[in-house]
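Structure data follow from data.tsv (TSV, C-alpha atoms and all ligand atoms):
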```tsv
chain	number	residue	atom	x	y	z
A	17	VAL	CA	24.17	0.53	-7.29
A	18	VAL	CA	21.57	2.87	-8.74
A	19	ILE	CA	20.95	6.07	-6.81
A	20	ALA	CA	18.29	8.73	-7.46
A	21	GLN	CA	18.79	12.31	-6.36
A	22	ILE	CA	16.22	14.97	-5.56
A	23	SER	CA	17.03	18.44	-4.29
A	24	ASP	CA	15.62	21.71	-3.07
A	25	THR	CA	12.09	20.48	-2.55
A	26	HIS	CA	11.29	23.61	-0.45
A	27	ILE	CA	8.12	22.12	1.04
A	28	LYS	CA	6.02	24.84	2.65
A	29	ARG	CA	3.24	24.88	5.19
A	30	ARG	CA	-0.30	24.33	3.94
A	31	GLY	CA	-1.86	27.56	2.73
A	32	ARG	CA	1.42	29.47	2.53
A	33	VAL	CA	2.04	31.04	-0.87
A	34	LEU	CA	5.56	31.43	-2.22
A	35	PRO	CA	5.29	33.84	-5.17
A	36	HIS	CA	8.65	32.78	-6.59
A	37	MET	CA	7.89	29.06	-6.18
A	38	PRO	CA	4.15	28.53	-6.56
A	39	HIS	CA	4.35	24.77	-7.12
A	40	VAL	CA	6.43	22.77	-4.70
A	41	VAL	CA	4.16	19.94	-3.56
A	42	GLY	CA	2.79	18.74	-6.90
A	43	PRO	CA	6.18	18.19	-8.57
A	44	LEU	CA	7.48	16.24	-5.59
A	45	ARG	CA	4.37	14.05	-5.61
A	46	ARG	CA	5.24	13.10	-9.20
A	47	VAL	CA	8.76	11.96	-8.29
A	48	PRO	CA	7.87	8.33	-7.36
A	49	ALA	CA	6.10	7.81	-10.70
A	50	SER	CA	9.03	9.36	-12.53
A	51	ILE	CA	11.49	7.10	-10.74
A	52	ALA	CA	9.29	4.08	-11.47
A	53	GLU	CA	9.60	4.84	-15.21
A	54	GLN	CA	13.38	4.48	-15.07
A	55	PRO	CA	14.93	1.22	-16.30
A	56	SER	CA	16.44	0.44	-12.89
A	57	VAL	CA	14.98	0.74	-9.44
A	58	PRO	CA	17.22	2.91	-7.25
A	59	SER	CA	18.59	1.42	-4.05
A	60	TYR	CA	17.88	4.72	-2.36
A	61	ILE	CA	17.26	8.42	-2.96
A	62	LEU	CA	19.55	11.24	-1.89
A	63	ALA	CA	17.76	14.48	-0.99
A	64	THR	CA	20.46	17.14	-1.05
A	65	GLY	CA	18.99	19.84	1.14
A	66	ASP	CA	16.56	22.71	1.27
A	67	LEU	CA	14.01	20.03	1.98
A	68	THR	CA	11.67	22.66	3.40
A	69	GLU	CA	11.17	26.38	2.90
A	70	SER	CA	11.56	27.50	6.50
A	71	GLY	CA	12.50	24.44	8.58
A	72	HIS	CA	9.16	24.29	10.44
A	73	PRO	CA	8.23	20.84	11.84
A	74	GLU	CA	4.92	20.98	9.96
A	75	GLU	CA	6.86	21.26	6.70
A	76	TYR	CA	8.89	18.14	7.55
A	77	ARG	CA	5.69	16.29	8.45
A	78	ARG	CA	4.30	17.23	5.04
A	79	LEU	CA	7.53	16.15	3.34
A	80	ARG	CA	7.41	12.86	5.17
A	81	GLU	CA	3.84	12.26	4.04
A	82	ILE	CA	4.79	12.92	0.39
A	83	LEU	CA	8.00	10.88	0.23
A	84	ASP	CA	7.60	7.38	-1.09
A	85	ALA	CA	8.17	5.13	1.91
A	86	ARG	CA	8.97	2.16	-0.35
A	87	VAL	CA	12.39	3.64	-1.22
A	88	VAL	CA	14.65	4.96	1.52
A	89	THR	CA	15.33	8.67	1.14
A	90	TYR	CA	18.45	9.94	2.85
A	91	LEU	CA	17.98	13.52	3.96
A	92	MET	CA	20.64	16.22	4.07
A	93	PRO	CA	20.14	19.71	5.46
A	94	GLY	CA	20.41	22.86	3.35
A	95	ASN	CA	20.43	26.50	4.32
A	96	HIS	CA	16.61	26.58	4.59
A	97	ASP	CA	16.46	23.59	6.93
A	98	ARG	CA	16.55	23.23	10.70
A	99	ARG	CA	18.32	20.20	12.06
A	100	ASP	CA	16.26	20.04	15.28
A	101	ALA	CA	12.98	19.88	13.33
A	102	MET	CA	14.39	17.32	10.88
A	103	ARG	CA	15.49	15.13	13.76
A	104	GLU	CA	12.16	15.55	15.55
A	105	VAL	CA	9.98	14.56	12.60
A	106	PHE	CA	12.32	11.83	11.31
A	107	ALA	CA	13.09	10.51	14.79
A	108	ASP	CA	13.17	6.93	13.46
A	109	SER	CA	15.89	7.69	10.87
A	110	SER	CA	18.91	6.67	12.93
A	111	TYR	CA	21.44	8.13	10.48
A	112	LEU	CA	20.19	11.65	11.36
A	113	HIS	CA	21.02	11.17	15.01
A	114	GLY	CA	24.78	10.82	15.03
A	115	PRO	CA	26.90	12.64	17.56
A	116	GLY	CA	27.33	16.37	17.19
A	117	GLU	CA	25.33	19.15	15.68
A	118	PRO	CA	26.03	18.75	11.93
A	119	ILE	CA	24.20	15.92	10.19
A	120	GLN	CA	26.96	13.87	8.53
A	121	TYR	CA	26.87	10.15	7.82
A	122	VAL	CA	28.07	7.42	5.47
A	123	ILE	CA	25.87	5.12	3.38
A	124	GLU	CA	27.81	1.92	2.83
A	125	SER	CA	27.22	-0.55	-0.01
A	126	PRO	CA	29.57	-3.35	-1.08
A	127	LEU	CA	30.67	-1.49	-4.23
A	128	MET	CA	30.09	2.15	-3.34
A	129	ARG	CA	30.06	4.66	-0.53
A	130	VAL	CA	28.16	7.89	-0.17
A	131	ILE	CA	29.51	10.37	2.35
A	132	ALA	CA	26.85	12.92	3.25
A	133	MET	CA	28.27	16.24	4.41
A	134	ASP	CA	26.47	19.07	6.16
A	135	SER	CA	27.42	22.28	4.33
A	136	SER	CA	25.07	24.66	6.17
A	137	ASP	CA	25.72	26.46	9.42
A	138	GLY	CA	22.14	27.46	10.20
A	139	THR	CA	22.62	31.20	9.83
A	140	ARG	CA	24.10	31.91	6.43
A	141	GLN	CA	22.91	31.15	2.92
A	142	SER	CA	26.32	30.14	1.66
A	143	GLY	CA	28.38	26.98	2.02
A	144	TYR	CA	30.14	26.24	5.28
A	145	LEU	CA	32.45	23.37	6.14
A	146	ASP	CA	34.39	24.06	9.30
A	147	ALA	CA	37.53	22.25	10.42
A	148	ALA	CA	35.63	19.65	12.47
A	149	ARG	CA	33.37	18.63	9.58
A	150	LEU	CA	36.32	18.39	7.20
A	151	GLN	CA	38.34	16.42	9.72
A	152	TRP	CA	35.44	13.97	9.98
A	153	LEU	CA	35.52	13.61	6.19
A	154	GLU	CA	39.25	13.08	6.20
A	155	GLU	CA	38.87	10.32	8.78
A	156	ARG	CA	36.18	8.55	6.75
A	157	LEU	CA	38.06	8.44	3.45
A	158	PRO	CA	40.89	6.03	4.43
A	159	GLU	CA	38.34	3.53	5.78
A	160	ARG	CA	37.70	2.14	2.27
A	161	PRO	CA	40.22	3.88	0.02
A	162	HIS	CA	39.60	1.70	-3.04
A	163	VAL	CA	35.81	1.89	-3.08
A	164	PRO	CA	34.27	4.48	-5.44
A	165	THR	CA	32.93	7.23	-3.23
A	166	ILE	CA	30.39	10.01	-3.71
A	167	ILE	CA	30.32	13.11	-1.55
A	168	ALA	CA	26.80	14.50	-1.29
A	169	MET	CA	25.98	17.89	0.22
A	170	HIS	CA	23.76	20.88	-0.36
A	171	HIS	CA	26.19	23.55	-1.59
A	172	PRO	CA	28.26	23.11	-4.76
A	173	PRO	CA	31.89	24.00	-4.09
A	174	VAL	CA	32.44	24.96	-7.75
A	175	GLN	CA	32.06	28.18	-9.65
A	176	THR	CA	28.62	27.85	-11.19
A	177	GLY	CA	28.68	30.63	-13.77
A	178	VAL	CA	25.72	32.27	-12.00
A	179	ARG	CA	26.94	35.46	-10.37
A	180	TYR	CA	24.30	35.41	-7.62
A	181	PHE	CA	25.71	32.13	-6.33
A	182	ASP	CA	29.34	32.70	-7.22
A	183	GLU	CA	29.44	35.84	-5.09
A	184	GLN	CA	28.51	33.77	-2.05
A	185	PRO	CA	31.64	32.63	-0.20
A	186	PHE	CA	32.08	28.94	0.61
A	187	GLU	CA	33.94	28.62	3.86
A	188	GLY	CA	36.26	25.61	3.81
A	189	ARG	CA	36.31	25.32	0.01
A	190	GLU	CA	40.13	25.32	-0.30
A	191	GLU	CA	40.52	22.69	2.40
A	192	LEU	CA	37.83	20.54	0.78
A	193	ALA	CA	39.67	20.90	-2.54
A	194	ARG	CA	42.87	19.68	-0.91
A	195	ILE	CA	41.11	16.63	0.55
A	196	VAL	CA	39.43	15.81	-2.76
A	197	ARG	CA	42.71	16.03	-4.68
A	198	ALA	CA	44.31	13.61	-2.21
A	199	HIS	CA	41.59	10.95	-2.53
A	200	PRO	CA	41.05	9.76	-6.10
A	201	GLN	CA	38.27	7.38	-5.01
A	202	ILE	CA	35.97	10.43	-4.86
A	203	ARG	CA	34.19	9.98	-8.19
A	204	ARG	CA	31.46	12.58	-7.79
A	205	ILE	CA	30.31	15.45	-5.64
A	206	LEU	CA	26.51	15.66	-5.78
A	207	CYS	CA	24.88	18.92	-4.71
A	208	GLY	CA	21.83	21.15	-5.06
A	209	HIS	CA	21.22	24.75	-3.91
A	210	ILE	CA	21.40	26.41	-7.32
A	211	HIS	CA	18.16	24.84	-8.64
A	212	GLN	CA	19.67	23.77	-11.91
A	213	MET	CA	21.76	21.06	-13.44
A	214	ILE	CA	25.42	21.85	-13.89
A	215	CYS	CA	28.41	19.58	-14.23
A	216	ARG	CA	31.99	20.73	-13.64
A	217	THR	CA	35.34	19.05	-13.28
A	218	TRP	CA	36.84	20.05	-9.94
A	219	ASN	CA	40.12	18.96	-8.36
A	220	GLY	CA	40.17	15.61	-10.09
A	221	THR	CA	36.54	14.77	-9.60
A	222	ILE	CA	33.21	15.79	-11.15
A	223	ALA	CA	30.73	18.01	-9.33
A	224	VAL	CA	27.11	17.75	-10.42
A	225	SER	CA	24.19	19.77	-9.14
A	226	SER	CA	20.65	18.53	-9.43
A	227	PRO	CA	17.75	20.68	-10.55
A	228	SER	CA	15.13	21.51	-7.94
A	229	THR	CA	11.71	19.86	-7.87
A	230	ALA	CA	10.43	23.40	-7.24
A	231	PRO	CA	10.75	25.77	-10.21
A	232	THR	CA	14.31	25.96	-11.42
A	233	THR	CA	16.38	29.01	-12.11
A	234	GLU	CA	17.69	29.64	-15.58
A	235	LEU	CA	21.14	30.45	-16.80
A	236	VAL	CA	20.97	33.81	-18.51
A	237	ARG	CA	23.74	34.59	-20.93
A	238	VAL	CA	25.12	38.09	-20.63
A	239	PRO	CA	27.37	38.76	-23.65
A	240	SER	CA	30.19	40.28	-21.61
A	241	GLU	CA	30.10	37.52	-19.04
A	242	PRO	CA	30.71	33.89	-19.95
A	243	VAL	CA	28.06	31.61	-18.48
A	244	ALA	CA	30.38	28.85	-17.45
A	245	VAL	CA	34.08	28.27	-17.16
A	246	VAL	CA	34.99	24.60	-17.15
A	247	ALA	CA	38.33	24.00	-15.48
A	301	FE	FE	19.90	26.35	-0.76
```
Show how you would write the structure in this file as structure tokens.
Ligand SMILES: [Fe+2]
Amino acid sequence: VVIAQISDTHIKRRGRVLPHMPHVVGPLRRVPASIAEQPSVPSYILATGDLTESGHPEEYRRLREILDARVVTYLMPGNHDRRDAMREVFADSSYLHGPGEPIQYVIESPLMRVIAMDSSDGTRQSGYLDAARLQWLEERLPERPHVPTIIAMHHPPVQTGVRYFDEQPFEGREELARIVRAHPQIRRILCGHIHQMICRTWNGTIAVSSPSTAPTTELVRVPSEPVAVVA
């Protein structure tokens, strides 16, 4: 199974200027061509949150118009998104319309599973997995315990080495760590949020964050502060 990931597309309304992210639409429009250049065609694309800048329905309509309809893109919410607007504009995407408020679902393939988690609570910038969301995860994992499984969600649970992000708390991180340690079929945790590629070992798995299609942040090395600590 080949999977492509995009993240933090931050699509804005027409005419709105984001000084810190002046180009969000153009780079996303180039994604289908970039994917087409790859040696294998992905079965689907994972979009790991912050799909829009402010969660306005018009932004989701614009996103929908840009996404390549020939490849299914599975959407996950980030801290900039609004679930009600996502569900309104992507009303025909049945996986978005499960029971309950958080958008969590499983993508099943014969040889692989992706478990999409909702790590945003709609009010805070930082990661949030409450007991109900984690219990849902814990109930999914024994369903196919021997199938390699990816957890995909917006917020990385790892220390990133970027102080701005590392000072944000991640509610539920310790409980997620416990679940991950207990389920060795979890081969990857795929995330976004920090607008840059990092890769860390974490509780027996590997957490990878994707760069953003909008301008990425840069790791700045401060001599007194190591950029990254790899556990
Ligand atoms: Fe984010």
Original post:
Looking at only C-alpha atoms and all ligand atoms, which of A:Asn95, A:Ser110, A:Thr176, A:Thr217 is the one that sits closest to ligand FE 301 (chain A)?
Top reply: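 Among the listed residues, A:Asn95 lies closest to ligand FE 301 (chain A).
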Original post:
Taking only C-alpha atoms and all ligand atoms into account, which residues are within 9 Å of ligand FE 301 (chain A), as a PyMOL selection string?
Top reply: chain A and resi 24+65-66+94-97+136+141-143+170-171+208-211
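CA of Arg45 (chain A) is positioned 8.7 Å from CA of Asp84 (chain A).
Restricting the calculation to only C-alpha atoms, the smallest distance between Ser125 (chain A) and any of A:Met92, A:Met213, A:Ala193, A:Ile19 is found for A:Ile19.
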**OP:** Name the residues in contact with Val88 (chain A) at a cut-off of 8 Å, using all atoms listed in the file, excluding same-chain residues fewer than 2 positions from it; report them as a list in words.
**Re:** Ser59, Tyr60, Ile61, Asp84, Ala85, Arg86 and Tyr90 of chain A
Local residues around (29.8, 11.1, 0.3), at most 10 Å away, using only C-alpha atoms, as an mmCIF file with C-alpha atoms, in the coordinates of the input:
```
data_model
loop_
_atom_site.group_PDB
_atom_site.id
_atom_site.type_symbol
_atom_site.label_atom_id
_atom_site.label_comp_id
_atom_site.auth_asym_id
_atom_site.auth_seq_id
_atom_site.Cartn_x
_atom_site.Cartn_y
_atom_site.Cartn_z
ATOM 1 C CA GLN A 120 26.960 13.870 8.530
ATOM 2 C CA TYR A 121 26.870 10.150 7.820
ATOM 3 C CA VAL A 122 28.070 7.420 5.470
ATOM 4 C CA ILE A 123 25.870 5.120 3.380
ATOM 5 C CA GLU A 124 27.810 1.920 2.830
ATOM 6 C CA MET A 128 30.090 2.150 -3.340
ATOM 7 C CA ARG A 129 30.060 4.660 -0.530
ATOM 8 C CA VAL A 130 28.160 7.890 -0.170
ATOM 9 C CA ILE A 131 29.510 10.370 2.350
ATOM 10 C CA ALA A 132 26.850 12.920 3.250
ATOM 11 C CA MET A 133 28.270 16.240 4.410
ATOM 12 C CA LEU A 153 35.520 13.610 6.190
ATOM 13 C CA ARG A 156 36.180 8.550 6.750
ATOM 14 C CA LEU A 157 38.060 8.440 3.450
ATOM 15 C CA PRO A 164 34.270 4.480 -5.440
ATOM 16 C CA THR A 165 32.930 7.230 -3.230
ATOM 17 C CA ILE A 166 30.390 10.010 -3.710
ATOM 18 C CA ILE A 167 30.320 13.110 -1.550
ATOM 19 C CA ALA A 168 26.800 14.500 -1.290
ATOM 20 C CA MET A 169 25.980 17.890 0.220
ATOM 21 C CA ILE A 202 35.970 10.430 -4.860
ATOM 22 C CA ARG A 203 34.190 9.980 -8.190
ATOM 23 C CA ARG A 204 31.460 12.580 -7.790
ATOM 24 C CA ILE A 205 30.310 15.450 -5.640
ATOM 25 C CA LEU A 206 26.510 15.660 -5.780
#
```
Original post:
Separation of CA of Asn219 (chain A) and CA of Leu67 (chain A), in Å?
Top reply: 28.1 Å
**OP:** Go through A:Asp134, A:Glu74, A:Asp182, A:Glu187 one by one, measure the shortest atom-to-atom distance of each to Phe106 (chain A) using only C-alpha atoms, and give the residue with the smallest value.
**Re:**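 Smallest separation from Phe106 (chain A) among the options: A:Glu74.
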Original post:
When distances are computed from only C-alpha atoms, which of A:Leu127, A:Cys207, A:Ile119, A:Leu62 shows the smallest separation from Arg149 (chain A)?
Top reply: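 Selected residue with least distance to Arg149 (chain A): A:Ile119.
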Original post:
So what do you get for CA of Gly116 (chain A) versus CA of Arg103 (chain A), distance-wise?
Top reply: 12.4 Å
**OP:** Using only C-alpha atoms, pick whichever of A:Arg197, A:His162, A:His72, A:Arg32 has the shortest atom-to-atom distance to Glu104 (chain A).
**Re:** A:His72
Original post:
Taking all atoms listed in the file into account, which of A:His113, A:Arg46, A:Arg216, A:Arg98 comes nearest Leu83 (chain A)?
Top reply: A:Arg46
**OP:** Select all residues near (29.6, 21.0, -12.5) (cut-off 7 Å, inclusive, file coordinates), counting only C-alpha atoms, and output them as a VMD selection string.
**Re:** chain A and resid 174 214 to 217 222 to 225
